[in-house]
file input-v1.txt (compact mmCIF, C-alpha atoms and all ligand atoms)
# COMPACT_ATOMS: atom_id res chain seq x y z
CA MET A 100 128.95 34.62 158.43
CA ASN A 101 127.03 36.72 160.95
CA ARG A 102 128.62 39.98 159.79
CA LEU A 103 127.72 42.75 157.43
CA PHE A 104 130.27 45.24 156.18
CA ILE A 105 128.86 48.64 155.27
CA ALA A 106 130.45 51.53 153.39
CA LYS A 107 128.65 54.86 153.31
CA ASP A 108 129.99 57.41 150.88
CA LYS A 109 129.56 58.64 147.33
CA ASP A 110 132.22 56.89 145.25
CA PRO A 111 131.01 53.33 144.47
CA LEU A 112 134.32 52.16 142.97
CA ARG A 113 136.41 53.31 145.92
CA MET A 114 133.83 51.99 148.42
CA THR A 115 133.87 48.55 146.74
CA LEU A 116 137.66 48.36 146.77
CA ASP A 117 137.77 49.43 150.43
CA LEU A 118 135.12 46.86 151.40
CA LEU A 119 136.95 44.05 149.63
CA ASP A 120 140.32 45.06 151.11
CA ARG A 121 138.74 44.98 154.54
CA MET A 122 136.97 41.63 154.00
CA ASN A 123 139.70 39.77 152.10
CA PRO A 124 137.04 37.29 150.90
CA LEU A 125 139.20 35.05 148.68
CA GLU A 126 142.01 34.45 151.15
CA GLY A 127 143.57 31.03 150.59
CA ARG A 128 141.72 30.37 147.31
CA ASN A 129 143.44 28.94 144.25
CA ARG A 130 144.06 31.77 141.75
CA ASP A 131 142.72 29.62 138.86
CA ILE A 132 139.16 29.33 140.15
CA LYS A 133 136.33 30.32 137.80
CA ILE A 134 134.53 33.37 139.16
CA GLY A 135 131.09 34.61 138.07
CA ILE A 136 129.89 38.13 138.87
CA LYS A 137 126.08 38.42 138.80
CA PRO A 138 124.82 42.03 138.82
CA ASN A 139 121.16 43.03 138.66
CA LEU A 140 120.51 44.21 135.09
CA VAL A 141 116.79 43.57 135.20
CA CYS A 142 116.17 46.03 132.37
CA ALA A 143 118.14 48.33 130.10
CA SER A 144 118.23 51.49 132.21
CA PRO A 145 121.28 53.26 133.67
CA ALA A 146 122.10 52.76 137.36
CA SER A 147 121.17 56.39 138.12
CA GLU A 148 117.50 55.39 137.54
CA GLY A 149 117.59 53.05 140.55
CA ALA A 150 116.96 49.67 138.87
CA THR A 151 120.38 48.30 137.93
CA THR A 152 123.72 47.66 139.63
CA HIS A 153 126.23 50.50 139.33
CA PRO A 154 128.94 49.39 136.86
CA GLU A 155 131.54 51.07 139.11
CA ILE A 156 130.85 48.40 141.77
CA VAL A 157 131.44 45.56 139.31
CA GLU A 158 134.52 47.40 138.04
CA GLY A 159 135.79 47.63 141.64
CA ILE A 160 135.28 43.87 142.08
CA ILE A 161 137.16 43.14 138.83
CA LEU A 162 140.04 45.45 139.78
CA TYR A 163 140.28 43.76 143.18
CA LEU A 164 140.26 40.27 141.63
CA LEU A 165 142.84 41.12 138.96
CA ASP A 166 145.04 42.79 141.55
CA ASN A 167 144.96 39.64 143.63
CA GLY A 168 145.82 37.34 140.70
CA PHE A 169 142.31 36.04 139.86
CA ARG A 170 141.91 36.20 136.07
CA ASN A 171 139.19 33.69 135.24
CA ILE A 172 136.24 36.06 135.56
CA LYS A 173 132.87 36.38 133.78
CA ILE A 174 129.92 38.72 134.18
CA ILE A 175 126.70 36.70 133.95
CA GLU A 176 123.10 37.93 133.74
CA GLY A 177 119.69 37.27 132.24
CA SER A 178 117.38 40.34 132.24
CA TRP A 179 113.71 40.00 133.02
CA VAL A 180 111.12 38.61 130.62
CA GLY A 181 110.50 41.20 127.90
CA ASP A 182 113.92 42.90 127.92
CA SER A 183 117.21 42.09 126.23
CA THR A 184 120.26 41.35 128.40
CA LYS A 185 122.56 42.49 125.58
CA ARG A 186 120.79 45.86 125.46
CA ALA A 187 121.11 46.08 129.26
CA PHE A 188 124.86 45.27 129.07
CA LYS A 189 125.27 48.15 126.62
CA VAL A 190 123.00 50.76 128.22
CA CYS A 191 124.21 50.02 131.77
CA GLY A 192 127.92 50.42 130.92
CA TYR A 193 128.96 46.76 131.10
CA GLU A 194 130.16 46.52 127.49
CA ASP A 195 132.76 49.18 128.30
CA ILE A 196 133.93 47.29 131.38
CA SER A 197 134.11 44.06 129.41
CA LYS A 198 136.34 45.66 126.76
CA ARG A 199 138.51 47.52 129.27
CA TYR A 200 139.35 44.47 131.39
CA GLY A 201 138.84 41.60 128.92
CA VAL A 202 136.07 40.10 131.05
CA PRO A 203 133.41 38.30 128.97
CA LEU A 204 129.70 39.12 129.26
CA ILE A 205 127.50 36.04 129.33
CA ASP A 206 123.85 36.51 128.37
CA LEU A 207 122.15 33.69 130.24
CA LYS A 208 119.13 33.96 127.92
CA ASP A 209 121.35 32.21 125.31
CA ASP A 210 122.40 29.49 127.76
CA GLY A 211 121.24 25.89 128.09
CA TYR A 212 119.93 24.71 131.43
CA ILE A 213 120.20 21.88 133.93
CA ALA A 214 117.12 20.76 135.87
CA LYS A 215 117.57 20.24 139.62
CA THR A 216 114.92 18.91 141.96
CA TYR A 217 114.57 20.28 145.46
CA LYS A 218 111.84 18.99 147.79
CA GLY A 219 109.83 17.70 144.82
CA ILE A 220 110.03 20.94 142.81
CA GLU A 221 112.05 20.86 139.62
CA ILE A 222 113.99 24.05 138.89
CA SER A 223 115.79 24.75 135.60
CA ILE A 224 119.03 26.66 136.15
CA CYS A 225 121.36 28.05 133.46
CA LYS A 226 124.30 25.74 132.73
CA THR A 227 126.99 28.42 133.06
CA VAL A 228 126.34 28.66 136.80
CA PHE A 229 127.39 25.03 137.36
CA ASP A 230 130.73 25.71 135.74
CA LEU A 231 131.66 28.37 138.33
CA ASP A 232 133.76 27.81 141.45
CA TYR A 233 132.83 31.12 143.08
CA LEU A 234 129.68 33.21 142.63
CA ILE A 235 129.71 36.91 143.51
CA ASN A 236 126.19 38.26 143.71
CA VAL A 237 125.91 42.03 143.16
CA PRO A 238 122.21 42.82 143.69
CA LEU A 239 120.54 46.10 144.49
CA ILE A 240 118.74 46.77 147.73
CA LYS A 241 115.53 48.02 146.13
CA GLY A 242 111.76 47.83 146.15
CA HIS A 243 109.66 45.32 144.26
CA CYS A 244 105.96 45.81 143.62
CA GLN A 245 105.08 42.11 144.18
CA THR A 246 107.52 40.87 146.84
CA LYS A 247 108.04 44.34 148.45
CA ILE A 248 111.85 44.12 148.23
CA THR A 249 114.49 42.45 146.15
CA CYS A 250 118.13 41.91 147.08
CA ALA A 251 120.49 38.90 147.31
CA LEU A 252 117.97 36.04 147.37
CA LYS A 253 115.74 37.24 144.55
CA ASN A 254 118.62 38.39 142.34
CA LEU A 255 119.35 34.72 141.63
CA LYS A 256 116.20 34.69 139.51
CA GLY A 257 118.46 36.10 136.76
CA ILE A 258 120.27 32.74 136.52
CA ILE A 259 117.19 30.81 135.36
CA PRO A 260 115.75 30.72 131.81
CA ASP A 261 112.85 33.05 130.89
CA ARG A 262 110.46 30.11 130.71
CA GLU A 263 111.36 29.28 134.31
CA LYS A 264 111.03 32.91 135.41
CA ARG A 265 107.41 32.79 134.21
CA ARG A 266 106.83 29.45 135.93
CA PHE A 267 108.21 30.82 139.25
CA HIS A 268 105.26 33.22 139.26
CA THR A 269 102.80 30.35 138.84
CA LEU A 270 104.42 28.71 141.88
CA GLY A 271 103.86 31.81 143.99
CA LEU A 272 107.39 33.24 143.65
CA HIS A 273 108.39 33.02 147.34
CA LYS A 274 108.89 29.27 147.69
CA PRO A 275 110.79 28.81 144.40
CA ILE A 276 113.10 31.74 145.29
CA ALA A 277 113.91 30.07 148.62
CA TYR A 278 114.41 26.68 146.93
CA LEU A 279 116.62 28.13 144.19
CA ASN A 280 118.85 29.56 146.90
CA ALA A 281 118.97 26.19 148.62
CA VAL A 282 120.30 24.68 145.37
CA ILE A 283 122.72 27.47 144.31
CA LYS A 284 125.08 28.88 146.92
CA GLN A 285 126.36 32.41 146.55
CA ASP A 286 129.86 32.93 147.95
CA LEU A 287 130.00 36.70 148.33
CA ILE A 288 127.41 39.48 148.18
CA ILE A 289 128.12 43.13 147.43
CA ALA A 290 124.76 44.93 147.55
CA ASP A 291 124.32 48.26 145.77
CA CYS A 292 122.31 50.77 147.80
CA ILE A 293 123.64 53.93 146.19
CA CYS A 294 120.40 55.28 144.71
CA PRO A 295 117.84 52.45 144.53
CA ASP A 296 114.16 52.81 143.72
CA PRO A 297 112.46 51.82 147.02
CA TYR A 298 109.16 50.98 145.33
CA PHE A 299 109.55 49.50 141.85
CA GLU A 300 112.11 47.09 140.50
CA GLU A 301 112.29 48.79 137.10
CA GLY A 302 113.44 52.07 138.70
CA GLY A 303 112.52 55.64 137.88
CA ARG A 304 112.25 56.98 141.44
CA PRO A 305 115.83 56.69 142.77
CA ALA A 306 116.44 57.56 146.45
CA LYS A 307 119.98 58.61 147.40
CA LEU A 308 121.08 56.25 150.18
CA ASN A 309 124.81 56.28 149.30
CA ARG A 310 125.84 52.95 150.75
CA ILE A 311 127.10 49.53 149.78
CA ALA A 312 126.64 46.50 152.04
CA ALA A 313 128.76 43.35 151.78
CA GLY A 314 128.60 39.94 153.39
CA TYR A 315 128.36 36.21 152.87
CA ASP A 316 124.86 35.31 154.04
CA PRO A 317 122.01 36.20 151.62
CA VAL A 318 119.33 35.88 154.32
CA LEU A 319 121.19 38.28 156.60
CA MET A 320 121.70 40.67 153.69
CA ASP A 321 118.01 40.55 152.77
CA CYS A 322 117.03 41.26 156.40
CA TYR A 323 119.22 44.36 156.23
CA ALA A 324 117.67 45.28 152.85
CA ALA A 325 114.14 44.86 154.27
CA LYS A 326 114.90 47.12 157.23
CA THR A 327 116.54 49.75 155.04
CA LEU A 328 113.45 49.87 152.83
CA GLY A 329 111.01 50.18 155.73
CA TYR A 330 109.94 46.55 156.31
CA GLU A 331 110.54 43.82 158.86
CA PRO A 332 112.15 40.62 157.51
CA ASP A 333 108.94 38.67 158.22
CA ASP A 334 107.03 41.04 155.90
CA ILE A 335 108.90 39.38 153.01
CA LYS A 336 107.82 35.77 152.85
CA TYR A 337 110.77 34.37 150.92
CA ILE A 338 113.31 35.57 153.49
CA GLY A 339 111.75 33.38 156.19
CA LEU A 340 111.37 30.47 153.77
CA ALA A 341 115.05 30.71 152.78
CA ARG A 342 116.07 30.75 156.45
CA ASP A 343 113.92 27.65 157.04
CA GLU A 344 115.77 25.90 154.20
CA GLY A 345 119.11 26.60 155.91
CA VAL A 346 120.23 29.24 153.39
CA GLY A 347 121.19 31.69 156.16
CA ASN A 348 120.11 33.48 159.31
CA TYR A 349 118.14 36.52 160.40
CA ILE A 350 119.85 39.49 162.03
CA ASN A 351 120.19 38.71 165.75
CA ALA A 352 121.86 40.10 168.86
CA ASP A 353 125.22 38.64 167.76
CA THR A 354 125.18 40.15 164.28
CA GLU A 355 128.15 42.41 163.75
CA PHE A 356 127.73 45.54 161.65
CA ILE A 357 131.13 46.74 160.54
CA TYR A 358 131.14 50.29 159.23
CA ILE A 359 134.38 50.57 157.32
CA TYR A 360 134.71 54.34 157.37
CA ASP A 361 135.16 56.29 160.60
CA HIS A 362 132.58 58.84 159.59
CA SER A 363 129.85 56.25 158.93
CA SER A 364 127.95 54.51 161.66
CA ASP A 365 124.37 53.47 162.20
CA GLU A 366 123.60 56.77 163.89
CA ASN A 367 121.03 58.69 161.88
CA GLU A 368 120.53 55.59 159.75
CA LEU A 369 118.55 56.60 156.71
CA ARG A 370 115.54 54.38 156.16
CA ILE A 371 112.68 54.55 153.71
CA VAL A 372 109.19 55.03 155.11
CA GLN A 373 106.83 53.09 152.87
CA LYS A 374 103.82 54.95 151.47
CA GLU A 375 100.48 53.23 151.11
CA LYS A 376 99.56 52.84 147.44
CA LYS A 377 95.78 52.48 147.46
CA TYR A 378 95.56 52.34 143.67
CA LEU A 379 97.35 48.96 143.72
CA ARG A 380 94.19 47.48 145.26
CA LEU A 381 92.53 47.85 141.85
CA ILE A 382 94.91 45.20 140.48
CA ASP A 383 93.83 41.59 140.62
CA GLU A 384 97.07 39.71 140.12
CA ALA A 385 97.39 35.97 139.72
CA ASP A 386 100.80 34.56 138.76
CA ALA A 387 101.85 37.67 136.80
CA CYS A 388 105.43 37.95 135.54
CA SER A 389 107.48 40.69 137.25
CA ALA A 390 107.85 42.81 134.11
CA CYS A 391 104.10 42.67 133.39
CA TYR A 392 103.01 43.50 136.93
CA SER A 393 105.65 46.14 137.36
CA ASN A 394 104.62 47.89 134.12
CA LEU A 395 100.99 47.89 135.28
CA ALA A 396 101.91 49.18 138.75
CA SER A 397 104.01 51.98 137.19
CA ALA A 398 101.16 52.86 134.83
CA MET A 399 98.73 52.95 137.76
CA GLU A 400 101.04 55.27 139.68
CA LYS A 401 101.10 57.68 136.73
CA LEU A 402 97.32 57.41 136.27
CA ASN A 403 96.97 58.11 139.98
CA GLU A 404 99.10 61.26 139.62
CA MET A 405 96.80 62.25 136.72
CA GLY A 406 93.82 61.84 139.09
CA LEU A 407 92.30 59.02 137.01
CA THR A 408 92.42 55.99 139.30
CA ASP A 409 89.44 57.09 141.41
CA SER A 410 87.16 56.67 138.40
CA PHE A 411 87.99 52.96 137.96
CA ALA A 412 85.10 50.76 138.99
CA ASP A 413 86.48 47.46 137.68
CA GLN A 414 89.30 45.28 138.93
CA ILE A 415 92.16 45.05 136.45
CA CYS A 416 93.24 41.43 136.01
CA ILE A 417 96.77 40.38 135.13
CA GLY A 418 98.71 37.15 135.20
CA GLN A 419 99.17 33.67 133.81
CA ALA A 420 96.39 32.18 135.94
CA TYR A 421 93.84 34.04 133.78
CA ARG A 422 94.81 32.16 130.61
CA GLY A 423 91.67 30.71 129.03
CA TYR A 424 89.34 32.44 131.55
CA LYS A 425 86.63 34.93 130.67
CA GLY A 426 86.52 38.25 132.48
CA TYR A 427 85.98 41.96 131.88
CA LEU A 428 89.22 43.99 132.06
CA GLY A 429 92.68 42.49 131.60
CA ILE A 430 96.29 43.43 130.85
CA GLY A 431 98.57 41.22 128.75
CA ASN A 432 98.15 38.27 126.41
CA CYS A 433 97.22 36.01 129.32
CA THR A 434 93.88 37.82 129.53
CA SER A 435 93.09 37.45 125.82
CA CYS A 436 89.69 35.83 126.58
CA PHE A 437 88.56 38.97 128.47
CA GLU A 438 85.98 41.38 127.07
CA LYS A 439 88.47 44.28 127.15
CA TYR A 440 92.17 43.48 127.26
CA LEU A 441 95.48 45.00 126.22
CA PRO A 442 97.66 42.61 124.19
CA GLY A 443 101.41 42.31 124.85
CA CYS A 444 103.75 40.00 126.68
CA PRO A 445 104.42 42.16 128.57
CA PRO A 446 102.68 45.35 127.38
CA ASP A 447 104.77 48.48 128.02
CA VAL A 448 103.93 51.21 130.52
CA ASP A 449 102.87 53.83 127.94
CA SER A 450 100.49 51.41 126.18
CA ILE A 451 98.90 50.50 129.52
CA ILE A 452 98.43 54.18 130.44
CA LYS A 453 96.84 54.90 127.04
CA PHE A 454 94.59 51.83 127.21
CA LEU A 455 93.34 52.48 130.76
CA ALA A 456 93.06 56.26 130.32
CA GLU A 457 90.80 55.75 127.28
CA LEU A 458 88.50 53.60 129.39
CA THR A 459 87.92 56.50 131.77
CA ASP A 460 86.85 58.90 128.94
S1 LIG A 501 101.14 38.48 129.44
FE1 LIG A 501 101.24 36.76 130.85
S2 LIG A 501 103.11 35.60 130.28
FE2 LIG A 501 103.20 37.62 129.29
S3 LIG A 501 104.43 38.83 130.71
FE3 LIG A 501 102.24 39.15 131.24
S4 LIG A 501 101.78 37.65 132.84
FE4 LIG A 501 103.71 37.05 131.86

call {"tool": "encode", "arguments": {"input": "input-v1.txt", "output": "structure tokens"}}
result
Amino acid sequence: MNRLFIAKDKDPLRMTLDLLDRMNPLEGRNRDIKIGIKPNLVCASPASEGATTHPEIVEGIILYLLDNGFRNIKIIEGSWVGDSTKRAFKVCGYEDISKRYGVPLIDLKDDGYIAKTYKGIEISICKTVFDLDYLINVPLIKGHCQTKITCALKNLKGIIPDREKRRFHTLGLHKPIAYLNAVIKQDLIIADCICPDPYFEEGGRPAKLNRIAAGYDPVLMDCYAAKTLGYEPDDIKYIGLARDEGVGNYINADTEFIYIYDHSSDENELRIVQKEKKYLRLIDEADACSACYSNLASAMEKLNEMGLTDSFADQICIGQAYRGYKGYLGIGNCTSCFEKYLPGCPPDVDSIIKFLAELTD
């Protein structure tokens, strides 16, 4: 468990096949097991934008499984609140893979759910997940404007219904992510770090890192993701909480990093240096959904580039905790009792830019 396999190169399909050949993760397993592959298709944008899992990686996993006699495979995903998983399957190249290899695409937004209770917190989880024998998580190592990073642990948020995604935010996000991972075990992780956006989960600022990391422990993988993106594991609260729940372990002196190509090692390891984003201090967030907050943060970045954020005197409120409260400036339907607010659930980036820019006129 205390091992990470890393491939650094430019061909995601070949890298995935080489990683799996080296790891041999399904050795001794019955060929009839039901396997679910869970990419990160948070929104409908191609992998080159830095938000979604490269389809070539999922294709590599399918080729490996078929080659080794595993035929009972599904691709499962539920995009974030406000986007369509079916549109993401199409735009991100997964419809093509599905047709080519006869692997069904399961939109978890259409699924029923089963409620599980962990330490007094009830969590609704999509039914399909309980029918799997083996879960392959294929997250991205990328930035997230609320939790700083997202990788293996947070990618499981795609297996809960939209209603539950919203509720996770009202519970502070970190604890429910850790608890969800205590309930649902992932068997294998192949993390896409080809060209992730180091700052925003919806992409748009891809950074070429040209690597894929694989392993079995989501806490270990997230520690690696944090370090790659310029943080320490303790900077990301849910990683420590997941470790405390026994989900996995931090990187330690015994952790083995196995670089599968001769030419790749940890020498000259490329890491992101995080930039301070002062304009984010203007946002007063309380239990905001990821899509809503992320759209506002992206809009603020653009307004900052336009030189407009310095003229804002008011805090911009966003999030479910503002429902029914009076205030001055808000974004999203949850702030409908505010004096000035932009409707939408979530409002898109362009509407937010237009709304806030007009306020500075
Ligand atoms: S308006 Fe409220 S419920 Fe809708 S996406 Fe934004 S924070 Fe979530």

call {"tool": "atom_distance", "arguments": {"input": "input-v1.txt", "atom1": "CA of Arg199 (chain A)", "atom2": "CA of Ile156 (chain A)"}}
result
14.7 Å

call {"tool": "atom_distance", "arguments": {"input": "input-v1.txt", "atom1": "CA of Glu344 (chain A)", "atom2": "CA of Cys292 (chain A)"}}
result
26.5 Å

call {"tool": "closest_residue", "arguments": {"input": "input-v1.txt", "among": "A:Pro297, A:Pro332, A:Pro154, A:Gly181", "to": "ligand LIG 501 (chain A)", "atoms": "only C-alpha atoms and all ligand atoms"}}
result
A:Gly181

call {"tool": "atom_distance", "arguments": {"input": "input-v1.txt", "atom1": "CA of Phe299 (chain A)", "atom2": "CA of Cys244 (chain A)"}}
result
5.4 Å

call {"tool": "closest_residue", "arguments": {"input": "input-v1.txt", "among": "A:Lys241, A:Ile222, A:Leu116, A:Asp195", "to": "Leu270 (chain A)", "atoms": "only C-alpha atoms"}}
result
A:Ile222

call {"tool": "closest_residue", "arguments": {"input": "input-v1.txt", "among": "A:Gly418, A:Pro138, A:Gly423, A:Pro446", "to": "ligand LIG 501 (chain A)", "atoms": "only C-alpha atoms and all ligand atoms"}}
result
A:Gly418

call {"tool": "closest_residue", "arguments": {"input": "input-v1.txt", "among": "A:Leu428, A:Ile105, A:Leu255, A:Cys388", "to": "ligand LIG 501 (chain A)", "atoms": "all atoms listed in the file"}}
result
A:Cys388

call {"tool": "residues_around", "arguments": {"input": "input-v1.txt", "residues": "Thr249 (chain A)", "least_positions_apart": "2", "cutoff": "8 Å", "atoms": "only C-alpha atoms", "output": "PyMOL selection string"}}
result
chain A and resi 239-243+246-247+251-254+300+321+324

call {"tool": "closest_residue", "arguments": {"input": "input-v1.txt", "among": "A:Val237, A:Ile451, A:Leu279, A:Ala352", "to": "Ala214 (chain A)", "atoms": "all atoms listed in the file"}}
result
A:Leu279

call {"tool": "residues_around", "arguments": {"input": "input-v1.txt", "residues": "Gly149 (chain A)", "least_positions_apart": "6", "cutoff": "7 Å", "atoms": "all atoms listed in the file", "output": "tab-separated table (two decimals) with C-alpha atoms, in the coordinates of the input"}}
result
chain	number	residue	atom	x	y	z
A	294	CYS	CA	120.40	55.28	144.71
A	295	PRO	CA	117.84	52.45	144.53
A	296	ASP	CA	114.16	52.81	143.72
A	302	GLY	CA	113.44	52.07	138.70
A	303	GLY	CA	112.52	55.64	137.88
A	304	ARG	CA	112.25	56.98	141.44
A	305	PRO	CA	115.83	56.69	142.77
